[in-house]
Structure formats: C-alpha cells, structure tokens
Amino acid sequence: MRRRRANIRFAFTAAILVVLVAVFAFTLKNKGKTGEDVSGSQTEQKVDPPQVAEATPSQEEPVEATPAEPEPDTTVQAVSEEEIEAQRASFVTDYESAPLLNTTSIKYLTVEMGGKPGDVAFNWFSPSGAAGKVMLYDVNSGEAQTISAQTAASATEPGFYYNKARAEGLKENTTYAYKVGNDAGWSPEYQFSTTNFTGDFTFLAVSDAQIGQSQFEDLDATAERWDKVTNRLTKYVPKAAFLAHLGDQVAGYNDPTNYEGFFAHLGLYRIPLVPIVGNHDVDNWESGGGPWFYERYNVPNRSTIGCNWADTDGDYWFRYGNALFMVLNSDTLYGVTAHEDFIRQTCDANPDTKWRIIMQHYPSYSSVEKYKGISEKIRGACAEWSVKYNIDLYLNGHDHAYTRTAIINGQCETISEYDYESGSTAVNPQGALYVTCGTASGCLYQPVSDNYAAVMQGQPETPTAIQVDVGENTIKLTTYLVDSWQVYDEYTIQKD
C-alpha cells in the first residue's frame, strides 16, 4: 500500500517538477535580458557558541542551471537560490530504478561492513527455515561464488528466520551483483561497488532516521524522506566506502513496520552499512536489551564487552585504510567504563593504524538541554580515552541537532589555541574532536541550547549528513544539508 501511494505521489511530483523546470527556465531567460544577478545572497556563518550557525556558501560564480540529476563526483555545493531550489526539486525518492524487496518474501536486507576492506556481511529475514545463501558475482568478469548463511528462528518476529553470511577477499574498485535467499524464495538482484582498500578513503555518517516517530508525523512521510537521503548520498558520493548510521534506526524496537520503513530502500542495498545501537533500538528496561539489534544486523568483531544482561550486542570494531573504527553500545546497562577494556584490547591488537575513531549514539557534549545529563555521565571517560588510547574523533547522534566541539583535552577542557572557524584546520591537536550529527530523516528536530564545548552548533531543520575524507595526514569532515546540498560546516584535523 505504501509503495502504491509512493508511486502516485511520484507521478504527481514529476508533473509538478515539469512545471517548475519550465518556470525556472523562463525566469533565467528574463533575468539574462535584464541583467539581474542570479546568484544567492551570501550569509556569513556564525561559529561562536552557543548561537545557531548559518550555512556558509562558497564564493563560486553562479551557473546558468543545475541538472536535475547531477553526475557522480561532479556535484558541488549549491550556491545560488536557483541552484538550491533545483537541488531540492531533484531530492526525490527512488522506488523505480530496481525491483523492490517487498515484491518477494525476503525482508530486512542489509549489506554491511566486514572486519577489513574486502569483507562484507549480509543479513536478512525469510519465512523459510531452510539455510540461506548469497549468490554473488563480479559484474565485469562474471566470476561468481555462493556463500552459505547461518540461519536461525527469530525470537522477535514469529514465523521468520534471520540469516547471516559473510563474503571475504573481494577485489577493490569492483562492482558486485548479489541476491539472497534459498529455493523457497530469492530477493531481487542488487549491486554494490567496492572502493580502494589502501590510501585515502571516504565514508558517510548519518544518524537518527528513527523511523516510526509517529507522534510527529506519519511513518510513510519519514520513510520517504529517509529514502531521499539514501538515494542522494549514494548517487552524490559514490566513492564512499560505507555509510555509518549513528543509532536510533527505528523509533520502536519491537515494531515490524518501523524496520520495514528503515530497511526497504534501494540506496541501502548499494553501500555497506555500519549500524550503531541507539536507545530506541533495544529494550533496556524490561529485557536488558534483548535480541532486537543482533537479529537484524551482522557486525564484525563483536565483543562480549558492552553487552546488556540479555543480549549479545556488545561493542565491535573494524579497519579501513589507515583507520581503526570502534563502535560502542552506549546503551549498555553496565556503565560507560565497561567499554575501556574493549578499547584497550582493540587498540593493542591494531597498533599500526594512524587514525582512531569512536562511534557511539550518545554525545559527550550535547547541545539539547534535556540530554545534557547523559553527556555529563560519559564525557569524563571519553576524555580519558582520548589521551590514553590516542582517540582522534568521536562521532555521535541522539541530539537531532548538529554540534562540533573545540578540541577537548583529557580533563574535558576546551583548547583555545586552534582556529575553529568553519573551513579551518587544527594541526596536531592535543585532544579529540567531538561531532554530533543531526537527524537523517527529519522525524524530529530538537532546539539547541548553551554548550560550553561547542564552536559550531545549530538546528537547520532539514536532514543532515557528514562526508568524512580520511587521508594519510588529515581527516576532513564536511556536513551537508542533504535536501539543498549546501555545505553547513567543514573542519579538518591534521596529524603530521
């Protein structure tokens, strides 16, 4: 039903777009005749805390028009009002470019990061208890392989079985096609592409799609906006190695419609996912977590540290390029200090990585008044870890608002000697940078308040995403307003 409504809305939207394009072309023609300026007004970005920051447009020359579907790797920041409106007009759902998963009996399909480059994991639900398989082949060479899955009855959705499989040793910069299932039913065929496994790489970070936050809007509206985000990110940043979602994938951990709204998007089938446990993803009050997260995701190197008493959703880690990623279950009932053993053991096992990044749901420096109590409980431990284990960057969610802090030392103090203007670089910082991503779906926008650590904070009231470019000596974070593709904030940390 939702897809049929989506198709009707898509046709109606397409008709409107035709009219808008005609009006837009007529306006440009008339402005060219009268000599009017078609560039947008330039707004200076405010970075002094705790004021809400405005986006900083670049000083590029205005262009005649922006295509509805920009080519990969050629998309630049929207500058003029015409470009912004064109980007918003092309911010559309994708329910048409490939068969949808709900045409089959398979559901909750994900392709996820493995423990190292060249390894990917698959997870899906099926009504069949027969052992699942992944049929995978190199699109260019035709080289194929069949991967067996571990299949078990779901404890959270009676009548379904979850399947977990891993592919190892894939080739870099290669497009693979895959389908999952068994003789009782197969998914459609989808494709994803690997990127380079060494040297510079890029990944994407989003947070709080929180599908099903129905007290604020209809679930379908949130899911369709989330579809637009996954569609745009995978098309505009095709070089991204993976997409990290920083927690609260769904609003209700025990509601199948919420999971359908989160998973059922063609964009997610095109890029490996890195899921993080959020407070809405597990039941921490009655069952001590439960198997909700574990059954729906297939994460690498999972630890027993950081679990709750009735789940197996401990911390996990993976490597990519010269970076070590540690993903913490910040909802563990054992307290934040339970994670230190995991961090120490993981760093000891990976001493040759230059960059160390921690991803968890709760921020150490929340800009939302009602969440600050949680931040105060965890920030001391995070500050100590940054010194003891050389943590460079913390990526967080939960706030449904954006925050970038100053460089923070081991005593939770801001270090004033660095330039914190958007677009600047902190050279050899003696501490860690903390960045909290806003919502990826627009299901809920929280107001920001005073935050002593923030040098950039704001509530743009539109979905946001962060592109992270990891180089030999730098990590650059570029935060986008996804609907208009404007750069909202930029910052780089450099380590010689």
# chains A, B, ... in the order shown; residues from 1 in each chain; ligands from 1
>>> residues_around(residues="Ser422 (chain A)", least_positions_apart="4", cutoff="7 Å", atoms="only C-alpha atoms", output="ChimeraX atom specification")
/A:489-491
>>> write_last_selection(atoms="N, CA and C atoms", output="PDB file, in the first residue's frame")
ATOM      1  N   ASP A 489      28.861  22.926   7.381  1.00  0.00           N
ATOM      2  CA  ASP A 489      30.055  23.097   8.206  1.00  0.00           C
ATOM      3  C   ASP A 489      31.180  22.268   7.607  1.00  0.00           C
ATOM      4  N   GLU A 490      32.417  22.734   7.794  1.00  0.00           N
ATOM      5  CA  GLU A 490      33.606  21.998   7.365  1.00  0.00           C
ATOM      6  C   GLU A 490      34.673  22.148   8.435  1.00  0.00           C
ATOM      7  N   TYR A 491      35.404  21.077   8.662  1.00  0.00           N
ATOM      8  CA  TYR A 491      36.542  21.189   9.585  1.00  0.00           C
ATOM      9  C   TYR A 491      37.492  20.037   9.308  1.00  0.00           C
TER      10      TYR A 491
END
>>> residues_around(residues="region 434-438 of chain A", least_positions_apart="3", cutoff="6 Å", atoms="only C-alpha atoms", output="tab-separated table (two decimals) with N, CA and C atoms, in the first residue's frame")
chain	number	residue	atom	x	y	z
A	393	LEU	N	38.82	11.20	17.01
A	393	LEU	CA	37.50	11.71	16.64
A	393	LEU	C	36.40	10.86	17.25
A	394	TYR	N	35.39	11.54	17.80
A	394	TYR	CA	34.17	10.89	18.26
A	394	TYR	C	33.02	11.35	17.35
A	395	LEU	N	32.28	10.38	16.81
A	395	LEU	CA	31.09	10.68	16.02
A	395	LEU	C	29.87	10.17	16.77
A	396	ASN	N	28.87	11.05	16.96
A	396	ASN	CA	27.73	10.72	17.80
A	396	ASN	C	26.43	11.17	17.15
A	397	GLY	N	25.31	10.72	17.72
A	397	GLY	CA	23.99	11.13	17.29
A	397	GLY	C	23.15	11.55	18.48
A	400	HIS	N	19.49	15.00	17.47
A	400	HIS	CA	18.65	15.54	16.39
A	400	HIS	C	18.99	17.01	16.14
A	401	ALA	N	20.23	17.36	16.37
A	401	ALA	CA	20.77	18.71	16.13
A	401	ALA	C	22.26	18.53	15.89
A	402	TYR	N	22.90	19.56	15.34
A	402	TYR	CA	24.32	19.44	14.96
A	402	TYR	C	25.22	20.18	15.95
A	403	THR	N	26.34	19.55	16.29
A	403	THR	CA	27.34	20.18	17.16
A	403	THR	C	28.74	19.75	16.74
A	404	ARG	N	29.64	20.71	16.65
A	404	ARG	CA	31.08	20.42	16.57
A	404	ARG	C	31.75	21.12	17.74
A	405	THR	N	32.52	20.38	18.50
A	405	THR	CA	33.17	20.97	19.66
A	405	THR	C	34.54	21.53	19.30
A	464	THR	N	20.53	16.09	7.69
A	464	THR	CA	21.96	16.38	7.55
A	464	THR	C	22.74	15.07	7.42
>>> residues_around(residues="Val482 (chain A)", least_positions_apart="5", cutoff="7 Å", atoms="only C-alpha atoms", output="short mmCIF file (atom, residue, chain, number, x, y, z; two decimals) with C-alpha atoms, in the first residue's frame")
data_model
loop_
_atom_site.label_atom_id
_atom_site.label_comp_id
_atom_site.auth_asym_id
_atom_site.auth_seq_id
_atom_site.Cartn_x
_atom_site.Cartn_y
_atom_site.Cartn_z
CA VAL A 229 18.58 10.81 1.76
CA PRO A 463 18.18 16.22 7.11
CA THR A 464 21.96 16.38 7.55
CA ALA A 465 24.83 14.05 6.68
#
>>> residues_around(residues="region 90-107 of chain A", least_positions_apart="2", cutoff="9 Å", atoms="only C-alpha atoms", output="MDAnalysis selection string")
chainID A and resid 3 6:7 10 13 17 67:69 85:88 109 124:128 180:181 184:190 224:232 260 263:267 482:484
>>> atom_distance(atom1="CA of Leu246 (chain A)", atom2="CA of Ala165 (chain A)")
22.8 Å
>>> decode(residues="region 243-280 of chain A", atoms="N, CA and C atoms", output="PDB file, in the first residue's frame")
ATOM      1  N   LEU A 243      28.455   3.548   4.883  1.00  0.00           N
ATOM      2  CA  LEU A 243      27.544   4.512   5.482  1.00  0.00           C
ATOM      3  C   LEU A 243      27.333   4.124   6.938  1.00  0.00           C
ATOM      4  N   ALA A 244      27.797   4.963   7.864  1.00  0.00           N
ATOM      5  CA  ALA A 244      27.587   4.721   9.290  1.00  0.00           C
ATOM      6  C   ALA A 244      26.291   5.393   9.720  1.00  0.00           C
ATOM      7  N   HIS A 245      25.432   4.648  10.391  1.00  0.00           N
ATOM      8  CA  HIS A 245      24.228   5.230  10.979  1.00  0.00           C
ATOM      9  C   HIS A 245      24.397   5.193  12.490  1.00  0.00           C
ATOM     10  N   LEU A 246      24.430   6.377  13.122  1.00  0.00           N
ATOM     11  CA  LEU A 246      24.891   6.526  14.495  1.00  0.00           C
ATOM     12  C   LEU A 246      23.812   6.281  15.548  1.00  0.00           C
ATOM     13  N   GLY A 247      22.891   5.387  15.251  1.00  0.00           N
ATOM     14  CA  GLY A 247      21.930   4.947  16.250  1.00  0.00           C
ATOM     15  C   GLY A 247      20.533   5.468  16.056  1.00  0.00           C
ATOM     16  N   ASP A 248      19.571   4.779  16.681  1.00  0.00           N
ATOM     17  CA  ASP A 248      18.139   5.040  16.522  1.00  0.00           C
ATOM     18  C   ASP A 248      17.729   4.886  15.068  1.00  0.00           C
ATOM     19  N   GLN A 249      17.963   3.697  14.561  1.00  0.00           N
ATOM     20  CA  GLN A 249      17.480   3.365  13.228  1.00  0.00           C
ATOM     21  C   GLN A 249      15.953   3.426  13.188  1.00  0.00           C
ATOM     22  N   VAL A 250      15.329   2.974  14.269  1.00  0.00           N
ATOM     23  CA  VAL A 250      13.876   2.948  14.356  1.00  0.00           C
ATOM     24  C   VAL A 250      13.442   3.636  15.642  1.00  0.00           C
ATOM     25  N   ALA A 251      12.160   3.977  15.704  1.00  0.00           N
ATOM     26  CA  ALA A 251      11.606   4.565  16.930  1.00  0.00           C
ATOM     27  C   ALA A 251      11.133   3.490  17.892  1.00  0.00           C
ATOM     28  N   GLY A 252      10.637   2.371  17.348  1.00  0.00           N
ATOM     29  CA  GLY A 252      10.133   1.293  18.179  1.00  0.00           C
ATOM     30  C   GLY A 252      10.829  -0.008  17.878  1.00  0.00           C
ATOM     31  N   TYR A 253      11.650  -0.487  18.798  1.00  0.00           N
ATOM     32  CA  TYR A 253      12.460  -1.677  18.563  1.00  0.00           C
ATOM     33  C   TYR A 253      11.621  -2.919  18.302  1.00  0.00           C
ATOM     34  N   ASN A 254      10.359  -2.925  18.717  1.00  0.00           N
ATOM     35  CA  ASN A 254       9.521  -4.124  18.572  1.00  0.00           C
ATOM     36  C   ASN A 254       8.408  -3.950  17.553  1.00  0.00           C
ATOM     37  N   ASP A 255       8.569  -3.005  16.619  1.00  0.00           N
ATOM     38  CA  ASP A 255       7.521  -2.727  15.633  1.00  0.00           C
ATOM     39  C   ASP A 255       8.027  -3.067  14.231  1.00  0.00           C
ATOM     40  N   PRO A 256       7.522  -4.124  13.603  1.00  0.00           N
ATOM     41  CA  PRO A 256       7.990  -4.503  12.265  1.00  0.00           C
ATOM     42  C   PRO A 256       7.809  -3.403  11.219  1.00  0.00           C
ATOM     43  N   THR A 257       6.777  -2.580  11.341  1.00  0.00           N
ATOM     44  CA  THR A 257       6.595  -1.522  10.351  1.00  0.00           C
ATOM     45  C   THR A 257       7.719  -0.495  10.418  1.00  0.00           C
ATOM     46  N   ASN A 258       8.281  -0.284  11.602  1.00  0.00           N
ATOM     47  CA  ASN A 258       9.416   0.626  11.737  1.00  0.00           C
ATOM     48  C   ASN A 258      10.631   0.088  10.993  1.00  0.00           C
ATOM     49  N   TYR A 259      10.901  -1.209  11.144  1.00  0.00           N
ATOM     50  CA  TYR A 259      12.041  -1.809  10.455  1.00  0.00           C
ATOM     51  C   TYR A 259      11.838  -1.804   8.941  1.00  0.00           C
ATOM     52  N   GLU A 260      10.618  -2.091   8.500  1.00  0.00           N
ATOM     53  CA  GLU A 260      10.336  -2.021   7.070  1.00  0.00           C
ATOM     54  C   GLU A 260      10.631  -0.627   6.538  1.00  0.00           C
ATOM     55  N   GLY A 261      10.235   0.395   7.302  1.00  0.00           N
ATOM     56  CA  GLY A 261      10.474   1.770   6.882  1.00  0.00           C
ATOM     57  C   GLY A 261      11.937   2.156   6.864  1.00  0.00           C
ATOM     58  N   PHE A 262      12.747   1.512   7.696  1.00  0.00           N
ATOM     59  CA  PHE A 262      14.181   1.822   7.704  1.00  0.00           C
ATOM     60  C   PHE A 262      14.926   1.068   6.617  1.00  0.00           C
ATOM     61  N   PHE A 263      14.672  -0.227   6.482  1.00  0.00           N
ATOM     62  CA  PHE A 263      15.487  -1.069   5.605  1.00  0.00           C
ATOM     63  C   PHE A 263      15.102  -0.998   4.134  1.00  0.00           C
ATOM     64  N   ALA A 264      13.840  -0.834   3.814  1.00  0.00           N
ATOM     65  CA  ALA A 264      13.350  -1.079   2.458  1.00  0.00           C
ATOM     66  C   ALA A 264      13.641   0.086   1.520  1.00  0.00           C
ATOM     67  N   HIS A 265      14.936   0.296   1.225  1.00  0.00           N
ATOM     68  CA  HIS A 265      15.345   1.409   0.360  1.00  0.00           C
ATOM     69  C   HIS A 265      16.483   0.953  -0.550  1.00  0.00           C
ATOM     70  N   LEU A 266      16.326   1.216  -1.812  1.00  0.00           N
ATOM     71  CA  LEU A 266      17.320   0.776  -2.782  1.00  0.00           C
ATOM     72  C   LEU A 266      18.694   1.372  -2.484  1.00  0.00           C
ATOM     73  N   GLY A 267      18.734   2.591  -1.954  1.00  0.00           N
ATOM     74  CA  GLY A 267      20.011   3.211  -1.625  1.00  0.00           C
ATOM     75  C   GLY A 267      20.821   2.400  -0.642  1.00  0.00           C
ATOM     76  N   LEU A 268      20.156   1.772   0.331  1.00  0.00           N
ATOM     77  CA  LEU A 268      20.876   0.986   1.331  1.00  0.00           C
ATOM     78  C   LEU A 268      21.451  -0.297   0.751  1.00  0.00           C
ATOM     79  N   TYR A 269      20.908  -0.794  -0.349  1.00  0.00           N
ATOM     80  CA  TYR A 269      21.428  -2.014  -0.946  1.00  0.00           C
ATOM     81  C   TYR A 269      22.674  -1.733  -1.791  1.00  0.00           C
ATOM     82  N   ARG A 270      23.025  -0.449  -1.948  1.00  0.00           N
ATOM     83  CA  ARG A 270      24.157  -0.072  -2.804  1.00  0.00           C
ATOM     84  C   ARG A 270      25.422   0.252  -2.028  1.00  0.00           C
ATOM     85  N   ILE A 271      25.386   0.227  -0.686  1.00  0.00           N
ATOM     86  CA  ILE A 271      26.546   0.637   0.103  1.00  0.00           C
ATOM     87  C   ILE A 271      26.558  -0.140   1.417  1.00  0.00           C
ATOM     88  N   PRO A 272      27.727  -0.587   1.875  1.00  0.00           N
ATOM     89  CA  PRO A 272      27.781  -1.268   3.169  1.00  0.00           C
ATOM     90  C   PRO A 272      27.371  -0.342   4.309  1.00  0.00           C
ATOM     91  N   LEU A 273      26.590  -0.880   5.220  1.00  0.00           N
ATOM     92  CA  LEU A 273      26.074  -0.143   6.364  1.00  0.00           C
ATOM     93  C   LEU A 273      26.905  -0.446   7.608  1.00  0.00           C
ATOM     94  N   VAL A 274      27.093   0.573   8.452  1.00  0.00           N
ATOM     95  CA  VAL A 274      27.685   0.391   9.776  1.00  0.00           C
ATOM     96  C   VAL A 274      26.645   0.850  10.788  1.00  0.00           C
ATOM     97  N   PRO A 275      25.909  -0.082  11.415  1.00  0.00           N
ATOM     98  CA  PRO A 275      24.856   0.309  12.344  1.00  0.00           C
ATOM     99  C   PRO A 275      25.379   0.448  13.768  1.00  0.00           C
ATOM    100  N   ILE A 276      24.849   1.417  14.504  1.00  0.00           N
ATOM    101  CA  ILE A 276      25.226   1.651  15.895  1.00  0.00           C
ATOM    102  C   ILE A 276      23.973   1.523  16.757  1.00  0.00           C
ATOM    103  N   VAL A 277      24.108   0.923  17.925  1.00  0.00           N
ATOM    104  CA  VAL A 277      22.966   0.755  18.817  1.00  0.00           C
ATOM    105  C   VAL A 277      22.547   2.109  19.389  1.00  0.00           C
ATOM    106  N   GLY A 278      21.261   2.441  19.241  1.00  0.00           N
ATOM    107  CA  GLY A 278      20.690   3.628  19.857  1.00  0.00           C
ATOM    108  C   GLY A 278      19.680   3.249  20.915  1.00  0.00           C
ATOM    109  N   ASN A 279      19.245   4.209  21.691  1.00  0.00           N
ATOM    110  CA  ASN A 279      18.333   3.907  22.793  1.00  0.00           C
ATOM    111  C   ASN A 279      16.966   3.426  22.319  1.00  0.00           C
ATOM    112  N   HIS A 280      16.600   3.714  21.061  1.00  0.00           N
ATOM    113  CA  HIS A 280      15.327   3.229  20.532  1.00  0.00           C
ATOM    114  C   HIS A 280      15.449   1.845  19.885  1.00  0.00           C
TER     115      HIS A 280
END
